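File shown here: model08.txt, holding compact mmCIF, C-alpha atoms.
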```
# COMPACT_ATOMS: atom_id res chain seq x y z
CA MET A 16 -228.25 -9.37 53.40
CA ASN A 17 -226.78 -6.08 54.65
CA ALA A 18 -223.28 -7.28 53.76
CA GLU A 19 -224.45 -8.00 50.23
CA ILE A 20 -226.14 -4.60 50.02
CA ALA A 21 -223.02 -2.84 51.29
CA GLU A 22 -220.95 -4.57 48.63
CA ALA A 23 -223.48 -3.76 45.88
CA PHE A 24 -223.66 -0.09 46.92
CA ALA A 25 -219.88 0.23 47.05
CA GLN A 26 -219.57 -1.19 43.53
CA VAL A 27 -222.31 1.01 42.09
CA VAL A 28 -220.97 4.20 43.65
CA LYS A 29 -217.45 3.39 42.43
CA GLU A 30 -218.28 2.37 38.86
CA LYS A 31 -221.47 4.22 37.92
CA ASN A 32 -221.97 7.90 37.37
CA ILE A 33 -225.10 8.12 39.55
CA GLU A 34 -225.81 10.51 42.41
CA LYS A 35 -226.10 8.89 45.85
CA SER A 36 -229.48 10.51 46.49
CA GLU A 37 -230.83 9.12 43.23
CA LEU A 38 -229.48 5.66 43.98
CA SER A 39 -231.09 5.76 47.44
CA GLU A 40 -234.47 6.64 45.94
CA ILE A 41 -234.15 3.81 43.43
CA PHE A 42 -233.32 1.26 46.08
CA GLU A 43 -236.10 2.44 48.39
CA GLY A 44 -238.57 2.05 45.54
CA ILE A 45 -237.31 -1.45 44.78
CA VAL A 46 -237.56 -2.55 48.43
CA LEU A 47 -241.11 -1.14 48.70
CA ALA A 48 -242.03 -3.07 45.55
CA MET A 49 -240.54 -6.18 47.14
CA ILE A 50 -242.62 -5.59 50.29
CA LYS A 51 -245.79 -5.11 48.25
CA LYS A 52 -245.12 -8.37 46.43
CA LYS A 53 -244.76 -10.25 49.75
CA TYR A 54 -247.51 -8.61 51.82
CA GLY A 55 -249.89 -7.35 49.12
CA HIS A 56 -249.41 -3.72 50.18
CA ALA A 57 -246.69 -1.38 51.49
CA ASP A 58 -248.66 1.52 52.93
CA ASN A 59 -247.64 0.83 56.57
CA PHE A 60 -243.96 0.22 55.82
CA GLU A 61 -241.04 2.65 55.88
CA VAL A 62 -237.66 2.05 54.26
CA PHE A 63 -234.38 3.82 55.11
CA VAL A 64 -231.26 3.32 53.00
CA ASN A 65 -227.81 4.37 54.20
CA LEU A 66 -225.45 4.32 51.20
CA ASP A 67 -222.38 5.25 53.22
CA LYS A 68 -222.76 2.27 55.55
CA GLY A 69 -224.41 0.03 52.99
CA GLU A 70 -227.32 -0.56 55.35
CA ILE A 71 -231.05 -0.91 54.83
CA GLU A 72 -233.66 -0.61 57.58
CA ILE A 73 -237.29 -1.67 57.14
CA TYR A 74 -240.00 -0.71 59.66
CA GLN A 75 -243.58 -1.94 59.77
CA ASN A 76 -246.08 0.27 61.60
CA LYS A 77 -248.76 -1.79 63.44
CA ALA A 78 -251.64 -1.01 65.75
CA ILE A 79 -251.68 -2.73 69.19
CA VAL A 80 -254.90 -4.73 69.63
CA GLU A 81 -256.34 -7.35 71.98
CA GLU A 82 -256.93 -9.87 69.22
CA VAL A 83 -254.94 -9.82 65.95
CA VAL A 84 -257.07 -10.13 62.81
CA ASP A 85 -254.61 -8.76 60.22
CA PRO A 86 -251.01 -9.63 61.20
CA THR A 87 -249.60 -7.25 58.56
CA ARG A 88 -251.24 -4.26 60.29
CA GLU A 89 -251.83 -5.41 63.89
CA VAL A 90 -249.87 -6.82 66.85
CA ASP A 91 -251.01 -8.15 70.27
CA LEU A 92 -250.10 -6.30 73.48
CA GLU A 93 -247.93 -9.10 74.85
CA THR A 94 -245.68 -9.17 71.78
CA ALA A 95 -245.40 -5.37 71.70
CA ARG A 96 -244.46 -5.15 75.42
CA LYS A 97 -241.55 -7.52 74.85
CA VAL A 98 -239.98 -4.67 72.92
CA GLU A 99 -241.44 -1.70 74.83
CA PRO A 100 -243.05 -2.51 78.24
CA SER A 101 -244.88 0.83 78.54
CA LEU A 102 -247.06 0.34 75.44
CA GLU A 103 -250.87 0.05 75.72
CA ILE A 104 -253.71 -1.14 73.48
CA GLY A 105 -254.40 1.46 70.80
CA ASP A 106 -250.79 2.63 70.62
CA ASP A 107 -248.70 2.35 67.46
CA PHE A 108 -245.95 -0.22 67.38
CA LEU A 109 -242.94 0.10 65.07
CA GLU A 110 -241.66 -3.36 64.23
CA VAL A 111 -238.22 -3.85 62.72
CA VAL A 112 -238.36 -6.17 59.69
CA ASP A 113 -235.37 -8.41 58.98
CA PRO A 114 -234.52 -8.10 55.24
CA SER A 115 -233.66 -11.81 55.16
CA ALA A 116 -237.35 -12.53 55.85
CA PHE A 117 -238.08 -11.80 52.21
CA GLY A 118 -236.31 -14.92 51.03
CA ARG A 119 -233.52 -15.48 48.53
CA ARG A 120 -235.73 -15.36 45.44
CA LEU A 121 -237.18 -11.93 46.24
CA ILE A 122 -233.75 -10.59 47.17
CA THR A 123 -232.27 -11.84 43.87
CA SER A 124 -235.17 -10.28 41.99
CA ALA A 125 -234.56 -6.98 43.77
CA LYS A 126 -230.90 -7.06 42.78
CA GLN A 127 -231.78 -7.67 39.15
CA ASN A 128 -234.30 -4.85 39.27
CA LEU A 129 -231.69 -2.53 40.75
CA ASN A 130 -229.16 -3.40 38.04
CA GLN A 131 -231.74 -2.80 35.31
CA ARG A 132 -232.73 0.57 36.79
CA ILE A 133 -229.07 1.55 37.01
CA ARG A 134 -228.51 0.59 33.37
CA ASP A 135 -231.51 2.69 32.35
CA ILE A 136 -230.18 5.67 34.27
CA GLU A 137 -226.73 5.22 32.77
CA LYS A 138 -228.28 5.32 29.29
CA GLU A 139 -230.09 8.54 30.15
CA VAL A 140 -226.89 10.05 31.56
CA VAL A 141 -224.98 9.19 28.36
CA TYR A 142 -227.83 10.49 26.16
CA ASP A 143 -228.07 13.82 28.03
CA GLU A 144 -224.29 14.27 28.07
CA TYR A 145 -223.77 13.72 24.34
CA LYS A 146 -226.97 15.56 23.37
CA ASN A 147 -225.38 18.65 24.90
CA ARG A 148 -222.14 18.01 23.01
CA ILE A 149 -223.53 17.95 19.46
CA GLY A 150 -221.12 19.87 17.23
CA GLU A 151 -218.08 18.99 19.34
CA ILE A 152 -215.01 17.30 17.83
CA LEU A 153 -213.93 14.06 19.50
CA ILE A 154 -211.12 11.55 18.94
CA GLY A 155 -211.85 7.85 19.16
CA ASP A 156 -210.34 4.45 18.42
CA ILE A 157 -211.92 2.21 15.81
CA ARG A 158 -213.24 -0.92 17.54
CA GLN A 159 -215.21 -2.62 14.79
CA ILE A 160 -215.73 -2.16 11.05
CA ASN A 161 -218.85 -3.51 9.39
CA ARG A 162 -219.72 -3.30 5.71
CA ASP A 163 -221.45 0.05 6.21
CA ASP A 164 -220.82 1.30 9.74
CA ILE A 165 -217.70 1.94 11.81
CA TYR A 166 -217.89 1.62 15.61
CA LEU A 167 -215.48 3.57 17.80
CA ASN A 168 -214.74 3.84 21.50
CA ILE A 169 -214.73 7.41 22.75
CA GLU A 170 -214.31 8.03 26.47
CA LYS A 171 -215.55 4.47 27.25
CA THR A 172 -218.67 5.08 25.15
CA GLU A 173 -219.47 3.39 21.84
CA VAL A 174 -220.24 5.72 18.93
CA VAL A 175 -221.00 4.96 15.29
CA MET A 176 -219.96 6.54 12.01
CA PRO A 177 -222.37 5.40 9.25
CA ARG A 178 -221.15 5.06 5.67
CA ASN A 179 -222.79 8.32 4.57
CA GLU A 180 -220.88 10.17 7.31
CA GLN A 181 -217.50 8.77 6.23
CA ILE A 182 -215.10 10.31 3.72
CA GLU A 183 -215.48 7.92 0.81
CA SER A 184 -211.83 8.09 -0.28
CA GLU A 185 -210.54 7.19 3.19
CA ARG A 186 -209.62 3.67 4.30
CA TYR A 187 -210.15 2.77 7.95
CA ARG A 188 -208.54 0.03 10.06
CA ARG A 189 -209.20 -1.32 13.54
CA GLY A 190 -207.22 0.56 16.16
CA ASP A 191 -206.94 3.75 14.06
CA HIS A 192 -207.39 7.07 15.85
CA VAL A 193 -210.20 9.00 14.16
CA ARG A 194 -211.27 12.59 14.66
CA ALA A 195 -214.92 13.42 13.95
CA ILE A 196 -217.80 15.65 15.00
CA ILE A 197 -220.80 14.59 17.08
CA LYS A 198 -223.63 15.04 14.60
CA GLU A 199 -226.68 13.46 16.22
CA VAL A 200 -227.78 11.55 19.31
CA ARG A 201 -230.78 9.23 19.02
CA LYS A 202 -232.69 7.11 21.52
CA SER A 203 -233.02 3.44 20.66
CA ILE A 204 -234.05 0.21 22.39
CA ARG A 205 -230.39 -0.64 23.01
CA GLY A 206 -229.69 2.80 24.47
CA PRO A 207 -228.40 6.11 23.09
CA GLU A 208 -227.05 5.93 19.53
CA ILE A 209 -224.32 8.54 19.06
CA ILE A 210 -223.73 9.42 15.41
CA ILE A 211 -220.38 10.98 14.49
CA SER A 212 -219.35 12.38 11.11
CA ARG A 213 -216.31 13.33 9.07
CA ALA A 214 -218.39 14.19 6.00
CA ASP A 215 -220.68 16.84 7.48
CA PRO A 216 -219.94 20.49 6.56
CA GLN A 217 -219.97 21.34 10.28
CA PHE A 218 -216.83 19.21 10.72
CA LEU A 219 -215.03 21.45 8.23
CA ILE A 220 -216.27 24.54 10.08
CA ARG A 221 -215.06 23.21 13.46
CA LEU A 222 -211.63 22.39 12.01
CA PHE A 223 -211.25 25.95 10.74
CA GLU A 224 -212.32 27.27 14.15
CA LEU A 225 -209.48 25.25 15.68
CA GLU A 226 -206.90 26.42 13.12
CA VAL A 227 -207.98 30.07 12.72
CA PRO A 228 -208.21 32.01 16.03
CA GLU A 229 -209.94 34.90 14.23
CA ILE A 230 -212.91 32.61 13.48
CA TYR A 231 -213.09 31.36 17.05
CA ASP A 232 -212.97 34.97 18.30
CA GLY A 233 -215.76 36.06 15.93
CA ILE A 234 -213.61 38.48 13.92
CA ILE A 235 -214.07 36.31 10.83
CA GLU A 236 -217.43 34.70 10.09
CA ILE A 237 -218.05 31.57 8.06
CA LYS A 238 -221.06 32.48 5.94
CA GLY A 239 -221.51 29.16 4.19
CA VAL A 240 -219.95 25.82 3.30
CA ALA A 241 -220.48 23.47 0.37
CA ARG A 242 -218.63 20.19 0.39
CA GLN A 243 -218.01 16.96 -1.49
CA PRO A 244 -216.18 15.09 1.31
CA GLY A 245 -212.64 14.07 0.43
CA GLU A 246 -212.72 15.83 -2.96
CA ARG A 247 -213.46 19.54 -2.81
CA ALA A 248 -215.05 22.16 -0.58
CA LYS A 249 -215.93 25.82 -0.88
CA ILE A 250 -216.18 27.96 2.22
CA ALA A 251 -217.41 31.58 2.21
CA VAL A 252 -215.81 33.87 4.78
CA TYR A 253 -216.34 37.48 5.85
CA SER A 254 -214.23 39.75 8.06
CA ASN A 255 -215.88 42.04 10.60
CA ASP A 256 -212.61 43.97 10.83
CA LYS A 257 -211.58 45.78 7.65
CA ARG A 258 -207.94 45.54 8.72
CA ILE A 259 -208.03 41.73 8.58
CA ASP A 260 -208.20 39.84 5.29
CA ALA A 261 -210.61 36.94 5.81
CA VAL A 262 -209.16 34.79 3.04
CA GLY A 263 -205.56 35.43 4.08
CA ALA A 264 -206.31 34.60 7.71
CA CYS A 265 -207.91 31.27 6.75
CA VAL A 266 -205.09 30.35 4.38
CA GLY A 267 -202.41 31.29 6.91
CA MET A 268 -198.72 32.04 6.47
CA LYS A 269 -197.46 29.97 3.52
CA GLY A 270 -200.81 28.17 3.54
CA ILE A 271 -200.15 26.44 6.86
CA ARG A 272 -203.69 26.78 8.23
CA ILE A 273 -205.61 25.59 5.19
CA GLN A 274 -203.09 22.78 4.65
CA ALA A 275 -203.71 21.52 8.19
CA VAL A 276 -207.46 21.35 7.56
CA SER A 277 -207.00 19.77 4.12
CA LYS A 278 -204.65 17.12 5.52
CA GLU A 279 -207.18 16.14 8.20
CA LEU A 280 -209.79 15.68 5.43
CA ASN A 281 -207.67 13.31 3.33
CA ASN A 282 -206.23 16.17 1.25
CA GLU A 283 -209.62 17.60 0.32
CA LYS A 284 -209.15 20.67 -1.91
CA ILE A 285 -210.60 23.77 -0.23
CA ASP A 286 -211.52 27.05 -1.96
CA ILE A 287 -211.76 30.05 0.39
CA ILE A 288 -214.32 32.47 -1.06
CA PRO A 289 -214.73 36.10 0.08
CA PHE A 290 -218.43 36.44 0.88
CA SER A 291 -220.53 39.15 -0.78
CA SER A 292 -224.17 40.08 -0.16
CA GLU A 293 -224.39 40.84 -3.90
CA PRO A 294 -225.35 37.52 -5.57
CA GLU A 295 -223.66 38.41 -8.87
CA ILE A 296 -220.34 39.11 -7.15
CA PHE A 297 -220.67 36.12 -4.82
CA ILE A 298 -221.36 33.70 -7.69
CA THR A 299 -218.47 35.14 -9.69
CA ARG A 300 -216.09 34.51 -6.78
CA ALA A 301 -217.56 31.09 -5.95
CA LEU A 302 -216.88 29.79 -9.49
CA SER A 303 -213.16 30.02 -8.77
CA PRO A 304 -210.73 28.98 -10.19
CA SER A 305 -212.59 30.04 -13.38
CA LYS A 306 -213.21 33.75 -14.00
CA PRO A 307 -216.71 34.49 -15.32
CA LEU A 308 -217.10 37.43 -17.71
CA ARG A 309 -220.55 38.16 -16.34
CA VAL A 310 -223.36 36.59 -14.34
CA ILE A 311 -227.00 36.96 -15.38
CA LEU A 312 -229.42 36.53 -12.47
CA ASN A 313 -233.04 35.44 -12.32
CA HIS A 314 -234.16 36.37 -8.80
CA GLU A 315 -237.63 34.88 -9.18
CA ASN A 316 -236.49 31.27 -9.46
CA GLU A 317 -233.05 31.85 -7.84
CA SER A 318 -231.12 30.78 -10.91
CA ALA A 319 -228.13 32.28 -12.68
CA VAL A 320 -226.23 31.95 -15.94
CA ALA A 321 -222.47 32.45 -15.77
CA VAL A 322 -220.76 33.48 -19.02
CA ILE A 323 -217.34 31.80 -19.09
CA PRO A 324 -214.44 32.18 -21.56
CA ASP A 325 -214.46 29.16 -23.87
CA ASP A 326 -211.07 27.94 -22.63
CA GLN A 327 -212.25 27.99 -18.96
CA VAL A 328 -215.58 26.18 -19.33
CA SER A 329 -214.24 22.80 -18.19
CA ILE A 330 -212.68 24.46 -15.13
CA ALA A 331 -215.93 26.27 -14.28
CA ILE A 332 -217.94 23.05 -14.56
CA GLY A 333 -215.32 20.93 -12.78
CA LYS A 334 -214.82 17.18 -12.79
CA GLY A 335 -218.24 15.57 -13.11
CA GLY A 336 -219.83 19.01 -12.71
CA LEU A 337 -218.52 19.32 -9.13
CA ASN A 338 -217.35 22.95 -9.25
CA ARG A 339 -220.70 24.12 -10.63
CA ARG A 340 -222.68 22.06 -8.07
CA LEU A 341 -220.66 23.34 -5.12
CA THR A 342 -221.10 26.91 -6.36
CA SER A 343 -224.86 26.38 -6.54
CA ARG A 344 -224.96 24.95 -3.03
CA LEU A 345 -222.80 27.70 -1.57
CA THR A 346 -224.65 30.63 -3.17
CA GLY A 347 -228.19 29.27 -3.11
CA TYR A 348 -228.59 29.92 -6.85
CA ASN A 349 -228.90 27.19 -9.47
CA VAL A 350 -225.91 28.18 -11.60
CA GLU A 351 -225.69 27.20 -15.28
CA ILE A 352 -222.54 27.62 -17.38
CA LEU A 353 -222.63 29.32 -20.82
CA LYS A 354 -219.68 29.58 -23.22
CA GLU A 355 -218.65 33.10 -24.18
CA SER A 356 -218.95 32.22 -27.90
CA GLU A 357 -222.50 30.94 -27.42
CA TYR A 358 -223.42 34.01 -25.39
CA ARG A 359 -222.09 36.38 -28.07
CA ALA A 360 -224.03 34.47 -30.75
CA MET A 361 -227.20 34.82 -28.67
CA VAL A 362 -226.59 38.55 -28.19
CA GLN A 363 -226.05 39.00 -31.94
CA GLU A 364 -229.25 37.09 -32.66
CA GLU A 365 -231.16 39.29 -30.25
CA LYS A 366 -229.75 42.42 -31.89
CA GLU A 367 -230.86 41.18 -35.28
CA LYS A 368 -234.37 40.71 -33.93
CA GLU A 369 -234.44 44.41 -33.08
CA VAL A 370 -234.47 45.34 -36.82
CA SER A 371 -237.34 47.75 -37.50
CA LEU A 372 -239.98 47.11 -40.19
CA ASP A 373 -238.71 49.90 -42.49
CA GLN A 374 -235.34 48.10 -42.62
CA LEU A 375 -236.83 44.91 -43.99
CA GLU A 376 -236.31 44.62 -47.74
CA GLY A 377 -239.39 43.39 -49.64
CA LEU A 378 -241.95 44.47 -47.02
CA THR A 379 -244.46 46.81 -48.72
CA PRO A 380 -245.48 50.06 -46.98
CA SER A 381 -249.12 48.92 -46.82
CA ILE A 382 -248.25 45.68 -45.00
CA ALA A 383 -245.86 47.55 -42.70
CA LYS A 384 -248.64 50.02 -41.88
CA LYS A 385 -251.08 47.19 -40.97
CA LEU A 386 -248.46 45.57 -38.75
CA GLU A 387 -247.62 48.80 -36.93
CA ALA A 388 -251.32 49.49 -36.42
CA ASN A 389 -251.42 46.20 -34.46
CA GLY A 390 -248.41 46.99 -32.26
CA ILE A 391 -245.78 45.24 -34.39
CA HIS A 392 -242.76 47.47 -34.98
CA SER A 393 -239.76 45.12 -35.30
CA VAL A 394 -238.58 41.66 -36.28
CA ARG A 395 -238.70 40.70 -32.57
CA ASP A 396 -242.41 41.57 -32.48
CA ILE A 397 -243.09 39.47 -35.59
CA VAL A 398 -241.29 36.48 -34.11
CA ALA A 399 -243.13 36.93 -30.82
CA ARG A 400 -246.54 36.94 -32.55
CA GLY A 401 -245.80 33.89 -34.68
CA ARG A 402 -247.81 32.72 -37.68
CA GLU A 403 -251.08 32.22 -35.80
CA GLY A 404 -250.85 35.65 -34.23
CA LEU A 405 -250.23 37.36 -37.57
CA LEU A 406 -253.23 35.62 -39.13
CA GLU A 407 -255.44 37.24 -36.51
CA ILE A 408 -254.67 40.72 -37.96
CA SER A 409 -257.54 42.04 -40.06
CA GLY A 410 -256.69 42.30 -43.77
CA VAL A 411 -253.68 39.96 -43.54
CA GLY A 412 -254.14 36.59 -45.24
CA GLU A 413 -252.11 33.40 -45.32
CA LYS A 414 -250.10 34.35 -48.40
CA THR A 415 -249.21 37.71 -46.84
CA VAL A 416 -248.18 36.05 -43.58
CA ASP A 417 -246.02 33.53 -45.45
CA LYS A 418 -244.40 36.41 -47.32
CA ILE A 419 -243.68 38.32 -44.08
CA LEU A 420 -242.10 35.27 -42.43
CA GLU A 421 -240.04 34.56 -45.55
CA ILE A 422 -238.66 38.13 -45.47
CA VAL A 423 -237.86 37.89 -41.75
CA ASN A 424 -236.07 34.54 -42.09
CA SER A 425 -234.12 35.44 -45.22
```
Would you write out, as structure tokens, the structure that this file holds?
Amino acid sequence: MNAEIAEAFAQVVKEKNIEKSELSEIFEGIVLAMIKKKYGHADNFEVFVNLDKGEIEIYQNKAIVEEVVDPTREVDLETARKVEPSLEIGDDFLEVVDPSAFGRRLITSAKQNLNQRIRDIEKEVVYDEYKNRIGEILIGDIRQINRDDIYLNIEKTEVVMPRNEQIESERYRRGDHVRAIIKEVRKSIRGPEIIISRADPQFLIRLFELEVPEIYDGIIEIKGVARQPGERAKIAVYSNDKRIDAVGACVGMKGIRIQAVSKELNNEKIDIIPFSSEPEIFITRALSPSKPLRVILNHENESAVAVIPDDQVSIAIGKGGLNRRLTSRLTGYNVEILKESEYRAMVQEEKEKEVSLDQLEGLTPSIAKKLEANGIHSVRDIVARGREGLLEISGVGEKTVDKILEIVNS
């Protein structure tokens, strides 16, 4: 059996990424379990495993007695003195157990148990390794393509890129080299499931870190990313050094840096946006390539209305609303687009509502006096009160209210 053990140890040490001390403990535990299965207990046994020599030694500690009642714990004096003549009754006797005494079936079972334990440890090793590498870019070869998932070999480990982590416009073939980011590592019955992604915004960030040394060095910060993989992305950048232009550094000389990132992402269009802590300015910049005339914010519900020249509205919205959606994601504000002509019409309408009562033709002084006494001083106030509100005013009947509304709407 020792020759078989030596061979098994040599193979495990050579092929598996397991510490010798850990492997020794595993094998000792397996042998003790094997002993317990044969003898019903293992409390008087000791096991020593020598990985370097591929040897295993098993010792059974027995008490020397005149008459043996329990042969697993006791030995007679005559038998003990054959090994050590000086022993006496009451002494302890250490008997060497031949591993072959366990029989072929138990030995085979032990081997299977060892292989299973090794596989379990290997899974844990892979899980721990890749768990610590989340966010890292790797290159792998496509091994298998299913309807939804793509399986790749990376450093002798299988990883998967689900459909929602792929760039939709890309076409993949077996054997292709693919660069992606480690997004997630999950535990499953089959072992660690390593999820990689080319669609995640973090992949775009890592690519810029590789292409732009100023980002890697912390001089330029990426403040946010919004992305429709394979189509368009917006990335907000900020320079911690006033001497360095964040946008220029990311674009690179003649656009070489941004082109390298775009090419890796199947020619995804990338807008580099100078970050601003002022939401109005940030939204204005993020709506590039359109140029908003103004941005009206509502801080309470984190929404904004961007007033856009009529001839730039389609650019501001983008194909299928993409430019507006990416702007909303990047800035954190739900951005709506408003034509300049519509905005000016709304402003004019609001101005008209500011007309005072004494400017309304046909409104008698007595009615005006009653309205003012109830806090109504302009057309805006009349509109705000509405018909029901006006009817609540003492001394103002239905005919009078109808007359007031007719004057306002004329």
(Q) I'd like the contact shell of Ile419 of chain A - 12 Å cut-off, only C-alpha atoms, skipping same-chain residues fewer than 6 positions apart - returned as a PyMOL selection string. (A) chain A and resi 372+375-379+382-383+385-386+393-394+397-398+400-402+405-406+411-413+425
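If you look at atom CA of Tyr145 of chain A and atom CA of Val200 of chain A, they are 6.8 Å away from each other.
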With distances taken over all atoms listed in the file, the candidate from A:Leu222, A:Val227, A:Ile234, A:Val322 nearest Ser277 of chain A is A:Leu222
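Atom pair atom CA of Cys265 of chain A / atom CA of Ile287 of chain A: separated by 7.5 Å.
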Atom CA of Ile209 of chain A to atom CA of Ile133 of chain A measures 19.8 Å
Next item on the list: Within 10 Å of Glu37 of chain A, counting all atoms listed in the file, which residues show up once you throw out same-chain ones fewer than 5 positions away? Write them as a PyMOL selection string, please.
Entry: chain A and resi 42-43+133+136
